[in-house]
$ cat data05.txt   # compact mmCIF, N, CA, C and O atoms
# COMPACT_ATOMS: atom_id res chain seq x y z
N MET G 211 -5.57 -27.96 12.06
CA MET G 211 -4.71 -26.82 11.86
C MET G 211 -5.57 -25.54 11.95
O MET G 211 -6.63 -25.46 11.33
N PRO G 212 -5.13 -24.54 12.71
CA PRO G 212 -5.93 -23.32 12.84
C PRO G 212 -5.92 -22.50 11.55
O PRO G 212 -4.98 -22.55 10.76
N LEU G 213 -6.99 -21.74 11.36
CA LEU G 213 -7.11 -20.89 10.17
C LEU G 213 -6.32 -19.60 10.37
O LEU G 213 -6.14 -19.15 11.51
N PRO G 214 -5.86 -18.99 9.28
CA PRO G 214 -5.20 -17.68 9.42
C PRO G 214 -6.15 -16.66 10.02
O PRO G 214 -7.37 -16.74 9.86
N ARG G 215 -5.59 -15.68 10.69
CA ARG G 215 -6.39 -14.64 11.36
C ARG G 215 -7.27 -13.91 10.34
O ARG G 215 -6.82 -13.51 9.29
N GLY G 216 -8.54 -13.74 10.66
CA GLY G 216 -9.48 -13.05 9.79
C GLY G 216 -10.07 -13.92 8.70
O GLY G 216 -10.74 -13.43 7.80
N SER G 217 -9.81 -15.22 8.75
CA SER G 217 -10.31 -16.14 7.73
C SER G 217 -11.36 -17.07 8.33
O SER G 217 -11.44 -17.24 9.54
N SER G 218 -12.13 -17.68 7.47
CA SER G 218 -13.09 -18.69 7.89
C SER G 218 -13.31 -19.65 6.73
O SER G 218 -12.85 -19.42 5.62
N ARG G 219 -14.00 -20.73 7.02
CA ARG G 219 -14.34 -21.68 5.97
C ARG G 219 -15.68 -21.28 5.38
O ARG G 219 -16.60 -20.86 6.08
N ALA G 220 -15.80 -21.41 4.06
CA ALA G 220 -17.03 -21.03 3.37
C ALA G 220 -18.16 -21.97 3.78
O ALA G 220 -18.02 -23.18 3.72
N ALA G 221 -19.27 -21.40 4.20
CA ALA G 221 -20.43 -22.20 4.59
C ALA G 221 -21.19 -22.69 3.36
O ALA G 221 -21.92 -23.68 3.42
N TYR G 222 -21.00 -22.02 2.24
CA TYR G 222 -21.65 -22.41 0.98
C TYR G 222 -20.77 -21.93 -0.17
O TYR G 222 -19.95 -21.04 -0.01
N PRO G 223 -20.93 -22.51 -1.36
CA PRO G 223 -20.11 -22.08 -2.50
C PRO G 223 -20.43 -20.63 -2.88
O PRO G 223 -21.54 -20.14 -2.66
N GLY G 224 -19.45 -19.96 -3.43
CA GLY G 224 -19.66 -18.57 -3.82
C GLY G 224 -18.63 -18.13 -4.84
O GLY G 224 -17.88 -18.94 -5.39
N THR G 225 -18.60 -16.84 -5.09
CA THR G 225 -17.67 -16.25 -6.06
C THR G 225 -16.82 -15.21 -5.35
O THR G 225 -17.34 -14.38 -4.60
N CYS G 226 -15.53 -15.25 -5.60
CA CYS G 226 -14.59 -14.29 -5.03
C CYS G 226 -14.91 -12.90 -5.61
O CYS G 226 -15.04 -12.75 -6.82
N SER G 227 -15.04 -11.91 -4.74
CA SER G 227 -15.38 -10.57 -5.23
C SER G 227 -14.18 -9.83 -5.80
O SER G 227 -14.34 -8.76 -6.38
N ALA G 228 -12.96 -10.37 -5.66
CA ALA G 228 -11.78 -9.72 -6.21
C ALA G 228 -11.42 -10.27 -7.60
O ALA G 228 -11.17 -9.51 -8.53
N CYS G 229 -11.40 -11.61 -7.74
CA CYS G 229 -10.99 -12.21 -9.02
C CYS G 229 -12.16 -12.83 -9.79
O CYS G 229 -11.98 -13.29 -10.91
N PHE G 230 -13.34 -12.86 -9.19
CA PHE G 230 -14.56 -13.39 -9.81
C PHE G 230 -14.48 -14.86 -10.17
O PHE G 230 -15.18 -15.33 -11.05
N LYS G 231 -13.63 -15.62 -9.47
CA LYS G 231 -13.56 -17.07 -9.64
C LYS G 231 -14.35 -17.71 -8.50
O LYS G 231 -14.47 -17.16 -7.41
N ASP G 232 -14.89 -18.90 -8.76
CA ASP G 232 -15.71 -19.59 -7.77
C ASP G 232 -14.85 -20.22 -6.68
O ASP G 232 -13.70 -20.60 -6.92
N TYR G 233 -15.41 -20.32 -5.47
CA TYR G 233 -14.80 -21.10 -4.40
C TYR G 233 -15.84 -22.10 -3.89
O TYR G 233 -17.04 -21.87 -3.98
N ALA G 234 -15.34 -23.22 -3.41
CA ALA G 234 -16.22 -24.32 -2.99
C ALA G 234 -16.58 -24.20 -1.52
O ALA G 234 -15.93 -23.47 -0.76
N LYS G 235 -17.60 -24.94 -1.11
CA LYS G 235 -17.99 -25.01 0.29
C LYS G 235 -16.84 -25.63 1.08
O LYS G 235 -16.24 -26.61 0.65
N GLY G 236 -16.49 -25.01 2.21
CA GLY G 236 -15.42 -25.53 3.05
C GLY G 236 -14.05 -24.95 2.73
O GLY G 236 -13.10 -25.17 3.48
N GLU G 237 -13.93 -24.21 1.65
CA GLU G 237 -12.64 -23.59 1.29
C GLU G 237 -12.37 -22.41 2.21
O GLU G 237 -13.28 -21.72 2.65
N VAL G 238 -11.09 -22.17 2.52
CA VAL G 238 -10.72 -21.05 3.39
C VAL G 238 -10.88 -19.75 2.61
O VAL G 238 -10.34 -19.59 1.52
N ILE G 239 -11.68 -18.83 3.17
CA ILE G 239 -11.90 -17.54 2.53
C ILE G 239 -11.62 -16.44 3.54
O ILE G 239 -11.58 -16.68 4.75
N THR G 240 -11.43 -15.24 3.06
CA THR G 240 -11.18 -14.08 3.93
C THR G 240 -11.88 -12.86 3.37
O THR G 240 -12.33 -12.86 2.24
N LYS G 241 -11.99 -11.82 4.16
CA LYS G 241 -12.64 -10.59 3.74
C LYS G 241 -11.72 -9.87 2.74
O LYS G 241 -10.55 -9.65 3.00
N VAL G 242 -12.25 -9.56 1.57
CA VAL G 242 -11.52 -8.78 0.57
C VAL G 242 -12.23 -7.44 0.41
O VAL G 242 -13.14 -7.13 1.15
N THR G 243 -11.83 -6.65 -0.56
CA THR G 243 -12.33 -5.28 -0.67
C THR G 243 -13.84 -5.17 -0.61
O THR G 243 -14.36 -4.37 0.15
N GLU G 244 -14.57 -5.92 -1.39
CA GLU G 244 -16.02 -5.79 -1.45
C GLU G 244 -16.72 -7.11 -1.16
O GLU G 244 -17.52 -7.57 -1.95
N GLY G 245 -16.41 -7.74 -0.06
CA GLY G 245 -17.05 -9.00 0.30
C GLY G 245 -16.04 -10.05 0.71
O GLY G 245 -15.03 -9.75 1.32
N TRP G 246 -16.32 -11.30 0.34
CA TRP G 246 -15.46 -12.42 0.72
C TRP G 246 -14.82 -13.03 -0.52
O TRP G 246 -15.39 -12.99 -1.60
N GLY G 247 -13.64 -13.62 -0.32
CA GLY G 247 -12.95 -14.26 -1.44
C GLY G 247 -11.74 -15.04 -1.00
O GLY G 247 -11.53 -15.28 0.19
N HIS G 248 -10.93 -15.45 -1.97
CA HIS G 248 -9.73 -16.24 -1.70
C HIS G 248 -8.74 -15.46 -0.84
O HIS G 248 -8.66 -14.24 -0.93
N SER G 249 -8.00 -16.18 -0.02
CA SER G 249 -7.00 -15.54 0.84
C SER G 249 -5.93 -14.84 0.02
O SER G 249 -5.44 -13.79 0.41
N GLY G 250 -5.57 -15.39 -1.12
CA GLY G 250 -4.55 -14.79 -1.98
C GLY G 250 -5.01 -13.52 -2.68
O GLY G 250 -4.19 -12.73 -3.14
N CYS G 251 -6.31 -13.30 -2.75
CA CYS G 251 -6.84 -12.10 -3.41
C CYS G 251 -6.92 -10.90 -2.47
O CYS G 251 -7.13 -9.78 -2.92
N ALA G 252 -6.78 -11.13 -1.17
CA ALA G 252 -6.87 -10.04 -0.20
C ALA G 252 -5.63 -9.15 -0.32
O ALA G 252 -4.52 -9.64 -0.53
N PRO G 253 -5.79 -7.83 -0.19
CA PRO G 253 -4.63 -6.95 -0.26
C PRO G 253 -3.69 -7.21 0.91
O PRO G 253 -4.13 -7.44 2.03
N ARG G 254 -2.40 -7.19 0.62
CA ARG G 254 -1.39 -7.46 1.64
C ARG G 254 -1.24 -6.26 2.56
O ARG G 254 -1.21 -5.13 2.11
N GLN G 255 -1.16 -6.52 3.85
CA GLN G 255 -0.96 -5.45 4.83
C GLN G 255 0.51 -5.08 4.87
O GLN G 255 1.38 -5.95 4.91
N LEU G 256 0.81 -3.80 4.84
CA LEU G 256 2.19 -3.33 4.88
C LEU G 256 2.71 -3.34 6.31
O LEU G 256 1.97 -3.07 7.26
N SER G 257 4.00 -3.65 6.46
CA SER G 257 4.61 -3.59 7.78
C SER G 257 4.83 -2.13 8.16
O SER G 257 4.70 -1.22 7.33
N ALA G 258 5.17 -1.89 9.41
CA ALA G 258 5.41 -0.52 9.88
C ALA G 258 6.55 0.13 9.10
O ALA G 258 6.48 1.31 8.75
N ALA G 259 7.60 -0.63 8.82
CA ALA G 259 8.74 -0.09 8.08
C ALA G 259 8.34 0.27 6.64
O ALA G 259 8.77 1.30 6.12
N GLU G 260 7.51 -0.57 6.01
CA GLU G 260 7.06 -0.28 4.65
C GLU G 260 6.16 0.95 4.61
O GLU G 260 6.25 1.75 3.67
N ARG G 261 5.31 1.13 5.63
CA ARG G 261 4.46 2.33 5.68
C ARG G 261 5.30 3.58 5.86
O ARG G 261 5.05 4.60 5.21
N GLU G 262 6.32 3.52 6.73
CA GLU G 262 7.18 4.69 6.94
C GLU G 262 7.97 5.00 5.67
O GLU G 262 8.13 6.16 5.30
N PHE G 263 8.46 3.98 4.98
CA PHE G 263 9.18 4.19 3.74
C PHE G 263 8.29 4.87 2.70
O PHE G 263 8.71 5.82 2.04
N ALA G 264 7.05 4.43 2.58
CA ALA G 264 6.12 5.02 1.62
C ALA G 264 5.84 6.48 1.97
O ALA G 264 5.76 7.34 1.09
N ARG G 265 5.68 6.78 3.28
CA ARG G 265 5.46 8.17 3.70
C ARG G 265 6.66 9.05 3.35
O ARG G 265 6.51 10.15 2.84
N ASN G 266 7.87 8.54 3.65
CA ASN G 266 9.08 9.32 3.36
C ASN G 266 9.26 9.51 1.86
O ASN G 266 9.68 10.58 1.41
N LYS G 267 8.95 8.50 1.08
CA LYS G 267 9.07 8.61 -0.38
C LYS G 267 8.13 9.68 -0.91
O LYS G 267 8.50 10.47 -1.77
N ALA G 268 6.91 9.73 -0.38
CA ALA G 268 5.95 10.75 -0.80
C ALA G 268 6.45 12.14 -0.43
O ALA G 268 6.29 13.09 -1.20
N ARG G 269 7.06 12.27 0.75
CA ARG G 269 7.60 13.57 1.16
C ARG G 269 8.74 14.01 0.24
O ARG G 269 8.85 15.19 -0.10
N ILE G 270 9.58 13.08 -0.16
CA ILE G 270 10.68 13.41 -1.08
C ILE G 270 10.14 13.83 -2.43
O ILE G 270 10.56 14.83 -3.00
N LYS G 271 9.17 13.08 -2.95
CA LYS G 271 8.60 13.41 -4.25
C LYS G 271 7.87 14.74 -4.26
O LYS G 271 7.79 15.40 -5.28
N SER G 272 7.33 15.15 -3.11
CA SER G 272 6.63 16.43 -3.05
C SER G 272 7.59 17.60 -2.94
O SER G 272 7.17 18.75 -3.02
N GLY G 273 8.88 17.33 -2.76
CA GLY G 273 9.87 18.40 -2.68
C GLY G 273 10.20 18.81 -1.27
O GLY G 273 11.00 19.70 -1.04
N GLU G 274 9.60 18.18 -0.30
CA GLU G 274 9.87 18.52 1.09
C GLU G 274 11.19 17.91 1.52
O GLU G 274 11.47 16.76 1.22
N MET G 275 12.01 18.68 2.20
CA MET G 275 13.30 18.17 2.68
C MET G 275 13.15 17.78 4.14
O MET G 275 12.39 18.40 4.88
N PHE G 276 13.90 16.80 4.60
CA PHE G 276 13.74 16.30 5.95
C PHE G 276 14.36 17.21 7.00
O PHE G 276 13.78 17.45 8.02
N ARG G 277 15.53 17.74 6.76
CA ARG G 277 16.20 18.52 7.80
C ARG G 277 15.61 19.91 7.95
O ARG G 277 15.33 20.37 9.03
N SER G 278 15.41 20.61 6.88
CA SER G 278 14.97 22.00 6.99
C SER G 278 13.46 22.16 6.82
O SER G 278 12.93 23.22 7.07
N GLN G 279 12.78 21.12 6.35
CA GLN G 279 11.34 21.16 6.12
C GLN G 279 10.95 22.26 5.14
O GLN G 279 9.91 22.88 5.26
N LYS G 280 11.86 22.57 4.20
CA LYS G 280 11.58 23.58 3.18
C LYS G 280 11.53 22.88 1.83
O LYS G 280 12.16 21.85 1.63
N PRO G 281 10.83 23.44 0.86
CA PRO G 281 10.82 22.84 -0.46
C PRO G 281 12.21 22.89 -1.08
O PRO G 281 12.97 23.82 -0.85
N SER G 282 12.51 21.88 -1.83
CA SER G 282 13.82 21.78 -2.47
C SER G 282 13.91 22.73 -3.66
O SER G 282 12.94 22.95 -4.38
N GLY G 283 15.07 23.31 -3.87
CA GLY G 283 15.30 24.16 -5.02
C GLY G 283 15.81 23.38 -6.22
O GLY G 283 16.03 23.93 -7.30
N TRP G 284 16.00 22.07 -6.03
CA TRP G 284 16.52 21.25 -7.11
C TRP G 284 15.44 20.99 -8.13
O TRP G 284 14.30 20.72 -7.80
N ARG G 285 15.79 21.10 -9.40
CA ARG G 285 14.85 20.84 -10.49
C ARG G 285 15.37 19.69 -11.33
O ARG G 285 16.55 19.66 -11.67
N ARG G 286 14.52 18.79 -11.72
CA ARG G 286 14.91 17.64 -12.51
C ARG G 286 15.42 18.11 -13.87
O ARG G 286 14.77 18.90 -14.55
N GLY G 287 16.58 17.61 -14.28
CA GLY G 287 17.14 17.94 -15.58
C GLY G 287 17.88 19.26 -15.59
O GLY G 287 18.40 19.66 -16.62
N ALA G 288 17.96 19.96 -14.49
CA ALA G 288 18.65 21.25 -14.45
C ALA G 288 19.92 21.11 -13.62
O ALA G 288 19.99 20.33 -12.68
N SER G 289 20.92 21.89 -13.98
CA SER G 289 22.14 21.87 -13.19
C SER G 289 21.93 22.69 -11.93
O SER G 289 20.98 23.46 -11.82
N LEU G 290 22.84 22.57 -10.99
CA LEU G 290 22.71 23.32 -9.75
C LEU G 290 22.77 24.82 -9.98
O LEU G 290 22.18 25.59 -9.24
N SER G 291 23.47 25.25 -11.01
CA SER G 291 23.58 26.68 -11.27
C SER G 291 22.29 27.28 -11.83
O SER G 291 22.11 28.48 -11.81
N SER G 292 21.40 26.44 -12.35
CA SER G 292 20.18 26.97 -12.94
C SER G 292 18.96 26.86 -12.02
O SER G 292 17.84 27.03 -12.46
N THR G 293 19.18 26.58 -10.74
CA THR G 293 18.04 26.52 -9.82
C THR G 293 17.62 27.92 -9.44
O THR G 293 18.35 28.89 -9.66
N ARG G 294 16.46 28.04 -8.85
CA ARG G 294 15.98 29.36 -8.48
C ARG G 294 16.87 29.95 -7.38
O ARG G 294 17.46 29.23 -6.60
N PRO G 295 16.93 31.24 -7.28
CA PRO G 295 17.81 31.86 -6.28
C PRO G 295 17.32 31.60 -4.86
O PRO G 295 16.13 31.44 -4.63
N ALA G 296 18.27 31.57 -3.94
CA ALA G 296 17.93 31.35 -2.53
C ALA G 296 17.28 32.59 -1.96
O ALA G 296 17.61 33.71 -2.33
N ARG G 297 16.38 32.39 -1.03
CA ARG G 297 15.67 33.53 -0.42
C ARG G 297 16.34 33.94 0.85
O ARG G 297 16.84 33.30 1.62
$ encode --input "data05.txt" --output "structure tokens"
Amino acid sequence: MPLPRGSSRAAYPGTCSACFKDYAKGEVITKVTEGWGHSGCAPRQLSAAEREFARNKARIKSGEMFRSQKPSGWRRGASLSSTRPAR
């Protein structure tokens, strides 16, 4: 059975650099943040849709609006009548 992409079998026993648990010789390991470790300890890659969603969420939280590209006048906990005046 082929190994997952970016993985290899351990040539010698070692310690996972993410969870600090030991792995045996011949176990499937992959590159993690600071070295090699278990495949389950590697950070999951986001799909294109998940990356776009995260970008859009950050834009919304920063107050940027999509259509007009202007900061929102809406304030959390305030009614629409108490927002700052339009320019």
$ residues_around --input "data05.txt" --residues "Ser217 (chain G)" --least-positions-apart "2" --cutoff "8 Å" --atoms "all atoms listed in the file" --output "PyMOL selection string"
chain G and resi 212-215+219-220+237-241+247+249
$ atom_distance --input "data05.txt" --atom1 "atom N of Cys229 (chain G)" --atom2 "CA of Gln255 (chain G)"
17.5 Å
$ atom_distance --input "data05.txt" --atom1 "atom N of Ala234 (chain G)" --atom2 "CA of Tyr222 (chain G)"
7.7 Å
$ axis_aligned_box --input "data05.txt" --around "region 245-263 of chain G" --padding-each-side "3 Å" --output "lines of an AutoDock Vina configuration file"
center_x = -3.9
center_y = -5.0
center_z = 3.2
size_x = 32.2
size_y = 28.4
size_z = 19.3
$ atom_distance --input "data05.txt" --atom1 "atom O of Ala264 (chain G)" --atom2 "atom O of His248 (chain G)"
26.0 Å
$ residues_around --input "data05.txt" --residues "Ala228 (chain G)" --least-positions-apart "2" --cutoff "9 Å" --atoms "only C-alpha atoms" --output "list of chain:residue names"
G:Thr225, G:Cys226, G:Phe230, G:Lys231, G:Val242, G:Thr243, G:Glu244, G:Gly245, G:Trp246, G:Gly247, G:His248, G:Cys251, G:Ala252
$ decode --input "data05.txt" --residues "region 258-270 of chain G" --atoms "all heavy atoms" --output "compact mmCIF listing (two decimals), in the first residue's frame"
# COMPACT_ATOMS: atom_id res chain seq x y z
N ALA G 258 -9.46 25.21 -0.40
CA ALA G 258 -9.57 26.56 -0.96
C ALA G 258 -10.81 27.27 -0.42
O ALA G 258 -10.77 28.46 -0.11
CB ALA G 258 -9.60 26.49 -2.48
N ALA G 259 -11.91 26.54 -0.29
CA ALA G 259 -13.15 27.14 0.23
C ALA G 259 -12.99 27.56 1.69
O ALA G 259 -13.47 28.62 2.09
CB ALA G 259 -14.30 26.16 0.08
N GLU G 260 -12.29 26.74 2.49
CA GLU G 260 -12.07 27.09 3.89
C GLU G 260 -11.15 28.30 4.03
O GLU G 260 -11.38 29.14 4.90
CB GLU G 260 -11.48 25.89 4.64
CG GLU G 260 -12.46 24.76 4.84
CD GLU G 260 -11.80 23.52 5.40
OE1 GLU G 260 -10.66 23.20 5.00
OE2 GLU G 260 -12.43 22.87 6.25
N ARG G 261 -10.14 28.41 3.16
CA ARG G 261 -9.27 29.59 3.20
C ARG G 261 -10.03 30.85 2.83
O ARG G 261 -9.86 31.89 3.46
CB ARG G 261 -8.08 29.40 2.26
CG ARG G 261 -7.02 28.44 2.78
CD ARG G 261 -5.75 28.51 1.96
NE ARG G 261 -5.95 28.25 0.55
CZ ARG G 261 -5.90 27.05 -0.03
NH1 ARG G 261 -5.65 25.99 0.70
NH2 ARG G 261 -6.10 26.91 -1.32
N GLU G 262 -10.88 30.77 1.80
CA GLU G 262 -11.67 31.94 1.40
C GLU G 262 -12.65 32.33 2.49
O GLU G 262 -12.84 33.51 2.78
CB GLU G 262 -12.42 31.65 0.10
CG GLU G 262 -13.17 32.87 -0.41
CD GLU G 262 -13.87 32.62 -1.73
OE1 GLU G 262 -13.74 31.51 -2.28
OE2 GLU G 262 -14.54 33.54 -2.18
N PHE G 263 -13.27 31.35 3.13
CA PHE G 263 -14.19 31.63 4.23
C PHE G 263 -13.47 32.35 5.37
O PHE G 263 -13.97 33.34 5.91
CB PHE G 263 -14.82 30.33 4.74
CG PHE G 263 -15.72 30.52 5.92
CD1 PHE G 263 -17.02 30.95 5.75
CD2 PHE G 263 -15.27 30.30 7.21
CE1 PHE G 263 -17.86 31.14 6.83
CE2 PHE G 263 -16.09 30.48 8.30
CZ PHE G 263 -17.39 30.91 8.10
N ALA G 264 -12.28 31.89 5.72
CA ALA G 264 -11.51 32.51 6.79
C ALA G 264 -11.13 33.95 6.43
O ALA G 264 -11.18 34.84 7.28
CB ALA G 264 -10.26 31.69 7.10
N ARG G 265 -10.74 34.18 5.16
CA ARG G 265 -10.42 35.54 4.71
C ARG G 265 -11.64 36.45 4.81
O ARG G 265 -11.55 37.58 5.30
CB ARG G 265 -9.95 35.50 3.26
CG ARG G 265 -8.47 35.67 3.08
CD ARG G 265 -8.07 35.92 1.64
NE ARG G 265 -8.78 35.13 0.64
CZ ARG G 265 -8.40 33.94 0.21
NH1 ARG G 265 -7.33 33.38 0.69
NH2 ARG G 265 -9.10 33.31 -0.70
N ASN G 266 -12.79 35.96 4.34
CA ASN G 266 -14.01 36.77 4.39
C ASN G 266 -14.44 37.04 5.82
O ASN G 266 -14.89 38.14 6.14
CB ASN G 266 -15.14 36.09 3.62
CG ASN G 266 -14.91 36.09 2.14
OD1 ASN G 266 -14.11 36.89 1.62
ND2 ASN G 266 -15.56 35.20 1.43
N LYS G 267 -14.29 36.07 6.69
CA LYS G 267 -14.65 36.25 8.10
C LYS G 267 -13.78 37.33 8.73
O LYS G 267 -14.27 38.17 9.48
CB LYS G 267 -14.49 34.92 8.84
CG LYS G 267 -14.95 34.96 10.27
CD LYS G 267 -14.85 33.58 10.88
CE LYS G 267 -15.24 33.60 12.33
NZ LYS G 267 -15.15 32.28 12.95
N ALA G 268 -12.49 37.32 8.41
CA ALA G 268 -11.59 38.35 8.95
C ALA G 268 -11.98 39.73 8.43
O ALA G 268 -11.93 40.71 9.18
CB ALA G 268 -10.15 38.02 8.56
N ARG G 269 -12.38 39.81 7.16
CA ARG G 269 -12.81 41.10 6.61
C ARG G 269 -14.07 41.60 7.30
O ARG G 269 -14.21 42.80 7.56
CB ARG G 269 -13.04 40.97 5.11
CG ARG G 269 -11.75 40.78 4.33
CD ARG G 269 -11.99 40.53 2.87
NE ARG G 269 -12.56 41.71 2.24
CZ ARG G 269 -13.09 41.72 1.03
NH1 ARG G 269 -13.14 40.60 0.32
NH2 ARG G 269 -13.57 42.82 0.51
N ILE G 270 -15.00 40.72 7.60
CA ILE G 270 -16.23 41.11 8.29
C ILE G 270 -15.91 41.58 9.70
O ILE G 270 -16.39 42.62 10.14
CB ILE G 270 -17.23 39.94 8.32
CG1 ILE G 270 -17.78 39.68 6.92
CG2 ILE G 270 -18.37 40.22 9.30
CD1 ILE G 270 -18.58 38.41 6.79
